[in-house]
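I have placed the structure first, in the form of structure tokens, so that the comments after it can refer back to it.
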Amino acid sequence: MSSHRLSRSSSLRPGSRRTGSSGGKSRSSCHLIMEACIKDGKRSCDMNGLCREIDQVQAFFEFIGDSSCRHLRTIYFNANNLGSTGAKILAAALETNSSIKAMHLNSNRLGPRGASAIASMLKVNTKLEFLTMTENSIGPDGAEAMADALAENTSLQTLNLKRNALGPRGGNFLGAALKGNKALTLLDLTANSLECEGGAAIADALKTNTCLKELYLGGNRIREDGGVALGNALAVNTQLHLISLEANSFGQAGGLAVARGLKQNTLLTSVDISGNGMGAAVAPSMAGAIKEHTSLTSVDLSDNALGM
């Protein structure tokens, strides 16, 4: 369940029967898929865009609580306009669920209140391993709720919060949570405007975190000081295998710090620091670091004017 993208080859979605996305037609599609889940015993169920009304959401999550659905492991529930009300229904259903391992909740307008409901569920659910909540506008308050959950949760291994406007405050909350979390192996915070403050908080957590293997921080305007903090963290981190830092305006100072970090790090296998405007002065240090780093198999240095 640590894969960043789960396969959907075994999911149920009888598209040939779908006749629309509103009113009774959508409700019919929901029921057809739910019936198929029981009949065919599939391990994943694709409800993307099919449960856009609260009564449909209620019916579906009552359905997955039935003993006949214990074979289900993965649910795709993207683009269903859950909002905070739908999130509370979902959270209540998953609090005691012991079969669902992965939930996809992208683009559901969860907002801070919806994120808080999901976070409360994570404090008591002990089976969920994969959760993706991209583009839900949860903001810094939602990040705080999720951070509180991560401080207690012991089962979640993958968390994707890409494009949620977390901001520097959100970065601070999550950085603090990562210091104590013992389960999360993949975290995606791409495009969240963490800026230098939030990036530095995540960097500080990397110095002591003992389980995170993959970290995505691209497009967060972390800039030079944040880049320096991350470079220093890479020098002492003993767990990361992949880090994505593209498009953060590290500049020369940040680039040199990352090069120093890479020179001392012995575990990283994949690094993306493209589009950071590091400049030609960084090229010798970066080339030397890569040459000495024998475990690296993938490095993206494009769009940095390195002249290499």
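Residues are named by chain letter and number: chains run A, B, ... in the order of the structure tokens, numbers start at 1 in each chain, and ligands are numbered from 1 in the order shown.
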
Can you pull out the residues contacting Cys51 of chain A? Cut-off 9 Å, using only C-alpha atoms, and skip same-chain residues under 2 positions away; I want them as a PDB file with all heavy atoms, in the first residue's frame.
```pdb
ATOM      1  N   SER A  21     -25.385  11.889 -14.297  1.00  0.00           N
ATOM      2  CA  SER A  21     -24.781  12.164 -13.005  1.00  0.00           C
ATOM      3  C   SER A  21     -25.700  12.965 -12.099  1.00  0.00           C
ATOM      4  O   SER A  21     -25.274  13.501 -11.107  1.00  0.00           O
ATOM      5  CB  SER A  21     -23.473  12.943 -13.214  1.00  0.00           C
ATOM      6  OG  SER A  21     -23.728  14.146 -13.900  1.00  0.00           O
ATOM      7  N   SER A  26     -28.208   9.026 -11.470  1.00  0.00           N
ATOM      8  CA  SER A  26     -26.996   8.809 -10.702  1.00  0.00           C
ATOM      9  C   SER A  26     -27.247   7.819  -9.583  1.00  0.00           C
ATOM     10  O   SER A  26     -26.429   6.971  -9.297  1.00  0.00           O
ATOM     11  CB  SER A  26     -26.516  10.144 -10.129  1.00  0.00           C
ATOM     12  OG  SER A  26     -25.394   9.955  -9.322  1.00  0.00           O
ATOM     13  N   ARG A  27     -28.409   7.925  -8.962  1.00  0.00           N
ATOM     14  CA  ARG A  27     -28.754   7.029  -7.875  1.00  0.00           C
ATOM     15  C   ARG A  27     -28.800   5.594  -8.381  1.00  0.00           C
ATOM     16  O   ARG A  27     -28.359   4.670  -7.734  1.00  0.00           O
ATOM     17  CB  ARG A  27     -30.107   7.448  -7.296  1.00  0.00           C
ATOM     18  CG  ARG A  27     -30.228   7.175  -5.838  1.00  0.00           C
ATOM     19  CD  ARG A  27     -31.353   7.896  -5.150  1.00  0.00           C
ATOM     20  NE  ARG A  27     -32.230   8.675  -5.961  1.00  0.00           N
ATOM     21  CZ  ARG A  27     -32.229  10.003  -5.951  1.00  0.00           C
ATOM     22  NH1 ARG A  27     -31.365  10.661  -5.224  1.00  0.00           N
ATOM     23  NH2 ARG A  27     -33.081  10.679  -6.686  1.00  0.00           N
ATOM     24  N   CYS A  30     -25.287   4.277  -8.698  1.00  0.00           N
ATOM     25  CA  CYS A  30     -24.758   3.939  -7.376  1.00  0.00           C
ATOM     26  C   CYS A  30     -25.212   2.550  -6.955  1.00  0.00           C
ATOM     27  O   CYS A  30     -24.410   1.724  -6.514  1.00  0.00           O
ATOM     28  CB  CYS A  30     -25.234   4.959  -6.338  1.00  0.00           C
ATOM     29  SG  CYS A  30     -24.385   6.538  -6.424  1.00  0.00           S
ATOM     30  N   MET A  47     -16.448   4.824  -7.217  1.00  0.00           N
ATOM     31  CA  MET A  47     -17.656   5.645  -7.107  1.00  0.00           C
ATOM     32  C   MET A  47     -17.372   7.086  -7.503  1.00  0.00           C
ATOM     33  O   MET A  47     -18.134   8.000  -7.140  1.00  0.00           O
ATOM     34  CB  MET A  47     -18.185   5.588  -5.666  1.00  0.00           C
ATOM     35  CG  MET A  47     -18.499   4.201  -5.158  1.00  0.00           C
ATOM     36  SD  MET A  47     -19.771   3.350  -6.112  1.00  0.00           S
ATOM     37  CE  MET A  47     -21.214   4.344  -5.733  1.00  0.00           C
ATOM     38  N   ASN A  48     -16.332   7.330  -8.250  1.00  0.00           N
ATOM     39  CA  ASN A  48     -15.974   8.695  -8.639  1.00  0.00           C
ATOM     40  C   ASN A  48     -17.124   9.420  -9.323  1.00  0.00           C
ATOM     41  O   ASN A  48     -17.650   8.969 -10.348  1.00  0.00           O
ATOM     42  CB  ASN A  48     -14.766   8.681  -9.576  1.00  0.00           C
ATOM     43  CG  ASN A  48     -13.490   8.260  -8.890  1.00  0.00           C
ATOM     44  OD1 ASN A  48     -13.401   8.302  -7.675  1.00  0.00           O
ATOM     45  ND2 ASN A  48     -12.503   7.850  -9.675  1.00  0.00           N
ATOM     46  N   GLY A  49     -17.538  10.544  -8.748  1.00  0.00           N
ATOM     47  CA  GLY A  49     -18.570  11.377  -9.346  1.00  0.00           C
ATOM     48  C   GLY A  49     -19.971  10.805  -9.343  1.00  0.00           C
ATOM     49  O   GLY A  49     -20.863  11.370  -9.974  1.00  0.00           O
ATOM     50  N   GLU A  53     -24.993  13.539  -3.920  1.00  0.00           N
ATOM     51  CA  GLU A  53     -26.052  13.980  -3.019  1.00  0.00           C
ATOM     52  C   GLU A  53     -25.882  13.270  -1.682  1.00  0.00           C
ATOM     53  O   GLU A  53     -25.431  12.123  -1.616  1.00  0.00           O
ATOM     54  CB  GLU A  53     -27.424  13.669  -3.619  1.00  0.00           C
ATOM     55  CG  GLU A  53     -27.685  14.406  -4.944  1.00  0.00           C
ATOM     56  CD  GLU A  53     -29.011  14.005  -5.577  1.00  0.00           C
ATOM     57  OE1 GLU A  53     -29.842  13.398  -4.869  1.00  0.00           O
ATOM     58  OE2 GLU A  53     -29.195  14.282  -6.764  1.00  0.00           O
ATOM     59  N   ILE A  54     -26.260  13.952  -0.599  1.00  0.00           N
ATOM     60  CA  ILE A  54     -26.022  13.423   0.740  1.00  0.00           C
ATOM     61  C   ILE A  54     -26.698  12.080   0.967  1.00  0.00           C
ATOM     62  O   ILE A  54     -26.135  11.181   1.615  1.00  0.00           O
ATOM     63  CB  ILE A  54     -26.478  14.441   1.810  1.00  0.00           C
ATOM     64  CG1 ILE A  54     -25.537  15.648   1.815  1.00  0.00           C
ATOM     65  CG2 ILE A  54     -26.494  13.805   3.196  1.00  0.00           C
ATOM     66  CD1 ILE A  54     -24.084  15.302   2.093  1.00  0.00           C
ATOM     67  N   ASP A  55     -27.909  11.896   0.428  1.00  0.00           N
ATOM     68  CA  ASP A  55     -28.588  10.612   0.644  1.00  0.00           C
ATOM     69  C   ASP A  55     -27.833   9.475  -0.053  1.00  0.00           C
ATOM     70  O   ASP A  55     -27.809   8.334   0.436  1.00  0.00           O
ATOM     71  CB  ASP A  55     -30.044  10.667   0.158  1.00  0.00           C
ATOM     72  CG  ASP A  55     -30.180  10.951  -1.321  1.00  0.00           C
ATOM     73  OD1 ASP A  55     -29.278  11.597  -1.892  1.00  0.00           O
ATOM     74  OD2 ASP A  55     -31.194  10.539  -1.913  1.00  0.00           O
ATOM     75  N   GLN A  56     -27.177   9.770  -1.174  1.00  0.00           N
ATOM     76  CA  GLN A  56     -26.369   8.767  -1.857  1.00  0.00           C
ATOM     77  C   GLN A  56     -25.128   8.425  -1.039  1.00  0.00           C
ATOM     78  O   GLN A  56     -24.743   7.255  -0.921  1.00  0.00           O
ATOM     79  CB  GLN A  56     -25.949   9.288  -3.234  1.00  0.00           C
ATOM     80  CG  GLN A  56     -27.124   9.539  -4.177  1.00  0.00           C
ATOM     81  CD  GLN A  56     -26.692  10.289  -5.424  1.00  0.00           C
ATOM     82  OE1 GLN A  56     -25.667  10.966  -5.431  1.00  0.00           O
ATOM     83  NE2 GLN A  56     -27.479  10.178  -6.476  1.00  0.00           N
ATOM     84  N   VAL A  57     -24.514   9.454  -0.469  1.00  0.00           N
ATOM     85  CA  VAL A  57     -23.342   9.244   0.379  1.00  0.00           C
ATOM     86  C   VAL A  57     -23.707   8.386   1.580  1.00  0.00           C
ATOM     87  O   VAL A  57     -23.017   7.426   1.927  1.00  0.00           O
ATOM     88  CB  VAL A  57     -22.759  10.598   0.847  1.00  0.00           C
ATOM     89  CG1 VAL A  57     -21.621  10.376   1.850  1.00  0.00           C
ATOM     90  CG2 VAL A  57     -22.262  11.412  -0.340  1.00  0.00           C
ATOM     91  N   PHE A  60     -24.297   4.762   0.539  1.00  0.00           N
ATOM     92  CA  PHE A  60     -23.082   4.029   0.195  1.00  0.00           C
ATOM     93  C   PHE A  60     -22.305   3.618   1.430  1.00  0.00           C
ATOM     94  O   PHE A  60     -21.838   2.476   1.540  1.00  0.00           O
ATOM     95  CB  PHE A  60     -22.181   4.860  -0.722  1.00  0.00           C
ATOM     96  CG  PHE A  60     -20.905   4.151  -1.081  1.00  0.00           C
ATOM     97  CD1 PHE A  60     -20.915   3.113  -1.999  1.00  0.00           C
ATOM     98  CD2 PHE A  60     -19.711   4.490  -0.470  1.00  0.00           C
ATOM     99  CE1 PHE A  60     -19.752   2.422  -2.311  1.00  0.00           C
ATOM    100  CE2 PHE A  60     -18.541   3.806  -0.776  1.00  0.00           C
ATOM    101  CZ  PHE A  60     -18.563   2.775  -1.705  1.00  0.00           C
ATOM    102  N   PHE A  77     -13.523   7.580  -4.278  1.00  0.00           N
ATOM    103  CA  PHE A  77     -14.677   8.428  -3.998  1.00  0.00           C
ATOM    104  C   PHE A  77     -14.362   9.882  -4.344  1.00  0.00           C
ATOM    105  O   PHE A  77     -14.759  10.817  -3.660  1.00  0.00           O
ATOM    106  CB  PHE A  77     -15.054   8.299  -2.512  1.00  0.00           C
ATOM    107  CG  PHE A  77     -16.529   8.379  -2.249  1.00  0.00           C
ATOM    108  CD1 PHE A  77     -17.357   7.307  -2.539  1.00  0.00           C
ATOM    109  CD2 PHE A  77     -17.100   9.525  -1.707  1.00  0.00           C
ATOM    110  CE1 PHE A  77     -18.720   7.378  -2.299  1.00  0.00           C
ATOM    111  CE2 PHE A  77     -18.457   9.613  -1.465  1.00  0.00           C
ATOM    112  CZ  PHE A  77     -19.269   8.536  -1.754  1.00  0.00           C
ATOM    113  N   ALA A  79     -14.357  13.493  -6.443  1.00  0.00           N
ATOM    114  CA  ALA A  79     -15.310  14.373  -7.135  1.00  0.00           C
ATOM    115  C   ALA A  79     -16.760  14.060  -6.820  1.00  0.00           C
ATOM    116  O   ALA A  79     -17.601  13.957  -7.708  1.00  0.00           O
ATOM    117  CB  ALA A  79     -15.072  14.302  -8.647  1.00  0.00           C
ATOM    118  N   ASN A  80     -17.065  13.918  -5.543  1.00  0.00           N
ATOM    119  CA  ASN A  80     -18.444  13.656  -5.135  1.00  0.00           C
ATOM    120  C   ASN A  80     -19.056  14.784  -4.299  1.00  0.00           C
ATOM    121  O   ASN A  80     -20.127  14.611  -3.710  1.00  0.00           O
ATOM    122  CB  ASN A  80     -18.518  12.343  -4.339  1.00  0.00           C
ATOM    123  CG  ASN A  80     -18.604  11.134  -5.254  1.00  0.00           C
ATOM    124  OD1 ASN A  80     -19.408  11.096  -6.181  1.00  0.00           O
ATOM    125  ND2 ASN A  80     -17.742  10.156  -5.024  1.00  0.00           N
ATOM    126  N   ASN A  81     -18.351  15.926  -4.237  1.00  0.00           N
ATOM    127  CA  ASN A  81     -18.909  17.100  -3.557  1.00  0.00           C
ATOM    128  C   ASN A  81     -19.335  16.780  -2.123  1.00  0.00           C
ATOM    129  O   ASN A  81     -20.396  17.194  -1.659  1.00  0.00           O
ATOM    130  CB  ASN A  81     -20.099  17.640  -4.360  1.00  0.00           C
ATOM    131  CG  ASN A  81     -20.482  19.055  -3.958  1.00  0.00           C
ATOM    132  OD1 ASN A  81     -19.637  19.829  -3.511  1.00  0.00           O
ATOM    133  ND2 ASN A  81     -21.749  19.397  -4.114  1.00  0.00           N
ATOM    134  N   LEU A  82     -18.501  16.042  -1.419  1.00  0.00           N
ATOM    135  CA  LEU A  82     -18.834  15.620  -0.063  1.00  0.00           C
ATOM    136  C   LEU A  82     -19.093  16.793   0.881  1.00  0.00           C
ATOM    137  O   LEU A  82     -20.056  16.785   1.652  1.00  0.00           O
ATOM    138  CB  LEU A  82     -17.694  14.777   0.520  1.00  0.00           C
ATOM    139  CG  LEU A  82     -17.607  13.311   0.109  1.00  0.00           C
ATOM    140  CD1 LEU A  82     -16.340  12.695   0.674  1.00  0.00           C
ATOM    141  CD2 LEU A  82     -18.824  12.546   0.591  1.00  0.00           C
TER     142      LEU A  82
END
```

Helix (DSSP H, G or I) call set, DSSP backbone run, segment 120-269 of chain A, as a ChimeraX atom specification: /A:120-124,139-152,167-180,195-206,223-236,251-264

Enumerate, in order of chain and increasing residue number, the residues of segment 118-140 of chain A with an atom no farther than 10 Å from segment 191-212 of chain A, each with its shortest atom pair and distance in Å to one decimal, counting only C-alpha atoms, as JSON lines.
```
{"residue": "A:Glu135", "atom": "CA", "partner": "A:Asn192", "partner_atom": "CA", "distance": 9.9}
{"residue": "A:Ser137", "atom": "CA", "partner": "A:Asn192", "partner_atom": "CA", "distance": 9.8}
{"residue": "A:Gly139", "atom": "CA", "partner": "A:Asn192", "partner_atom": "CA", "distance": 8.8}
{"residue": "A:Pro140", "atom": "CA", "partner": "A:Asn192", "partner_atom": "CA", "distance": 9.8}
```

Atom CA of Asp303 of chain A and atom CA of Ser274 of chain A, how far apart in Å?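 Computed distance, atom CA of Ser274 of chain A to atom CA of Asp303 of chain A, equals 5.7 Å.
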
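For the set A:Ala280, A:Tyr76, A:His241, A:Gly41, the residue with the smallest atom-to-atom gap to Tyr216 of chain A is A:His241, counting only C-alpha atoms.
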
Counting only C-alpha atoms, the option among A:Asn220, A:Thr269, A:Asn153, A:Asn136 closest to Gly171 of chain A: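 Ranking A:Asn220, A:Thr269, A:Asn153, A:Asn136 by distance to Gly171 of chain A, first place goes to A:Asn220.
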
Find the residue from A:Ala281, A:Ile243, A:Ala119, A:Leu94 that sits nearest to Ser298 of chain A; use only C-alpha atoms when measuring.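 Checking each of A:Ala281, A:Ile243, A:Ala119, A:Leu94 against Ser298 of chain A, counting only C-alpha atoms, the winner is A:Ile243.
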
Can you list, as a ChimeraX atom specification, every protein, DNA or RNA residue that comes within 10 Å of Leu268 of chain A when you count only C-alpha atoms, leaving out same-chain residues fewer than 2 positions away? /A:213-214,234,237-243,262,265-266,270-271,293-298

Please identify all polymer residues within 8 Å of Gly142 of chain A, counting only C-alpha atoms, omitting same-chain residues fewer than 4 positions from it, and present them as a PyMOL selection string. chain A and resi 111-116+138+146+166+170

For the residues selected in the previous step, produce a file with N, CA and C atoms as an mmCIF file, in the first residue's frame.
```cif
data_model
loop_
_atom_site.group_PDB
_atom_site.id
_atom_site.type_symbol
_atom_site.label_atom_id
_atom_site.label_comp_id
_atom_site.auth_asym_id
_atom_site.auth_seq_id
_atom_site.Cartn_x
_atom_site.Cartn_y
_atom_site.Cartn_z
ATOM 1 N N GLY A 111 -12.889 21.179 2.722
ATOM 2 C CA GLY A 111 -12.654 22.341 3.552
ATOM 3 C C GLY A 111 -12.084 21.957 4.912
ATOM 4 N N PRO A 112 -11.815 22.933 5.764
ATOM 5 C CA PRO A 112 -11.244 22.653 7.088
ATOM 6 C C PRO A 112 -12.131 21.750 7.950
ATOM 7 N N ARG A 113 -13.441 21.945 7.907
ATOM 8 C CA ARG A 113 -14.338 21.131 8.728
ATOM 9 C C ARG A 113 -14.379 19.684 8.257
ATOM 10 N N GLY A 114 -14.373 19.498 6.953
ATOM 11 C CA GLY A 114 -14.345 18.135 6.432
ATOM 12 C C GLY A 114 -13.057 17.432 6.800
ATOM 13 N N ALA A 115 -11.939 18.164 6.699
ATOM 14 C CA ALA A 115 -10.648 17.590 7.079
ATOM 15 C C ALA A 115 -10.635 17.233 8.558
ATOM 16 N N SER A 116 -11.266 18.067 9.369
ATOM 17 C CA SER A 116 -11.332 17.786 10.798
ATOM 18 C C SER A 116 -12.095 16.491 11.082
ATOM 19 N N ILE A 138 -8.355 22.473 2.322
ATOM 20 C CA ILE A 138 -8.472 22.277 3.766
ATOM 21 C C ILE A 138 -7.751 23.375 4.549
ATOM 22 N N MET A 146 -5.252 17.444 10.716
ATOM 23 C CA MET A 146 -4.577 16.256 10.206
ATOM 24 C C MET A 146 -3.283 15.976 10.978
ATOM 25 N N LEU A 166 -2.243 24.844 2.265
ATOM 26 C CA LEU A 166 -1.879 24.659 3.667
ATOM 27 C C LEU A 166 -1.127 25.858 4.228
ATOM 28 N N GLY A 170 0.339 25.594 8.043
ATOM 29 C CA GLY A 170 0.097 24.176 7.806
ATOM 30 C C GLY A 170 1.387 23.381 7.811
#
```

Residue list (strand (DSSP E), DSSP) for segment 4-208 of chain A, as an NGL selection string: :A and (11-12 or 44-46 or 74-76 or 102-104 or 130-132 or 158-160 or 186-188)

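Picture a line from atom CA of Phe63 of chain A to atom CA of Thr132 of chain A; it runs 21.6 Å.
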
Exercise: segment 177-179 of chain A partners within 7 Å, only C-alpha atoms, chain neighbours under 2 positions left out, as a PDB file with C-alpha atoms, in the first residue's frame:
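For reference, result_9.pdb as written:
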```
ATOM      1  CA  ALA A 147      -1.359  16.863  12.132  1.00  0.00           C
ATOM      2  CA  ASP A 148      -3.130  16.101  15.413  1.00  0.00           C
ATOM      3  CA  LEU A 150      -0.867  11.883  12.671  1.00  0.00           C
ATOM      4  CA  ALA A 151       0.411  12.299  16.202  1.00  0.00           C
ATOM      5  CA  PHE A 173       1.722  21.809  12.097  1.00  0.00           C
ATOM      6  CA  LEU A 174       2.703  18.899   9.870  1.00  0.00           C
ATOM      7  CA  GLY A 175       6.391  19.310  10.615  1.00  0.00           C
ATOM      8  CA  ASN A 181       4.825   9.888  13.770  1.00  0.00           C
ATOM      9  CA  ALA A 205      11.313  17.100  11.227  1.00  0.00           C
ATOM     10  CA  THR A 208      14.652  13.034  13.565  1.00  0.00           C
ATOM     11  CA  ASN A 209      11.872  11.278  11.620  1.00  0.00           C
TER      12      ASN A 209
END
```

What does the structure give for the distance between atom CA of Asn304 of chain A and atom CA of Ala229 of chain A, in Å to one decimal? 19.2 Å

I'd like the neighbourhood of Gly288 of chain A as a VMD selection string, where a residue qualifies if any of its atoms comes within 8 Å (using only C-alpha atoms), though same-chain residues fewer than 4 positions away should be ignored. chain A and resid 263 284 292

Next, write the just-selected residues to a file, as a PDB file, in the first residue's frame, keeping C-alpha atoms as the atom set.
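What ended up in out_8.pdb:
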```
ATOM      1  CA  LYS A 263      27.297  14.481  -0.406  1.00  0.00           C
ATOM      2  CA  PRO A 284      30.888  21.850  -9.422  1.00  0.00           C
ATOM      3  CA  GLU A 292      30.176  10.430  -4.580  1.00  0.00           C
TER       4      GLU A 292
END
```

Name all residues at most 9 Å from Val228 of chain A (count only C-alpha atoms; drop same-chain ones fewer than 6 positions away) and give them as a short mmCIF file (atom, residue, chain, number, x, y, z; two decimals) with N, CA and C atoms, in the first residue's frame.
```cif
data_model
loop_
_atom_site.label_atom_id
_atom_site.label_comp_id
_atom_site.auth_asym_id
_atom_site.auth_seq_id
_atom_site.Cartn_x
_atom_site.Cartn_y
_atom_site.Cartn_z
N ALA A 200 11.02 24.96 6.21
CA ALA A 200 12.00 24.78 7.27
C ALA A 200 11.46 23.87 8.37
N PHE A 250 15.24 27.84 -4.98
CA PHE A 250 16.32 27.70 -4.01
C PHE A 250 17.47 28.68 -4.24
N ALA A 253 22.36 29.71 -2.92
CA ALA A 253 22.58 29.29 -1.53
C ALA A 253 21.86 27.98 -1.23
N GLY A 254 20.62 27.89 -1.66
CA GLY A 254 19.86 26.66 -1.44
C GLY A 254 20.46 25.49 -2.20
N GLY A 255 20.88 25.75 -3.44
CA GLY A 255 21.48 24.70 -4.26
C GLY A 255 22.77 24.16 -3.66
N LEU A 256 23.61 25.04 -3.14
CA LEU A 256 24.86 24.60 -2.52
C LEU A 256 24.60 23.77 -1.27
N ALA A 257 23.57 24.17 -0.51
CA ALA A 257 23.22 23.42 0.71
C ALA A 257 22.71 22.03 0.36
N VAL A 258 21.89 21.94 -0.68
CA VAL A 258 21.38 20.63 -1.11
C VAL A 258 22.53 19.76 -1.60
#
```
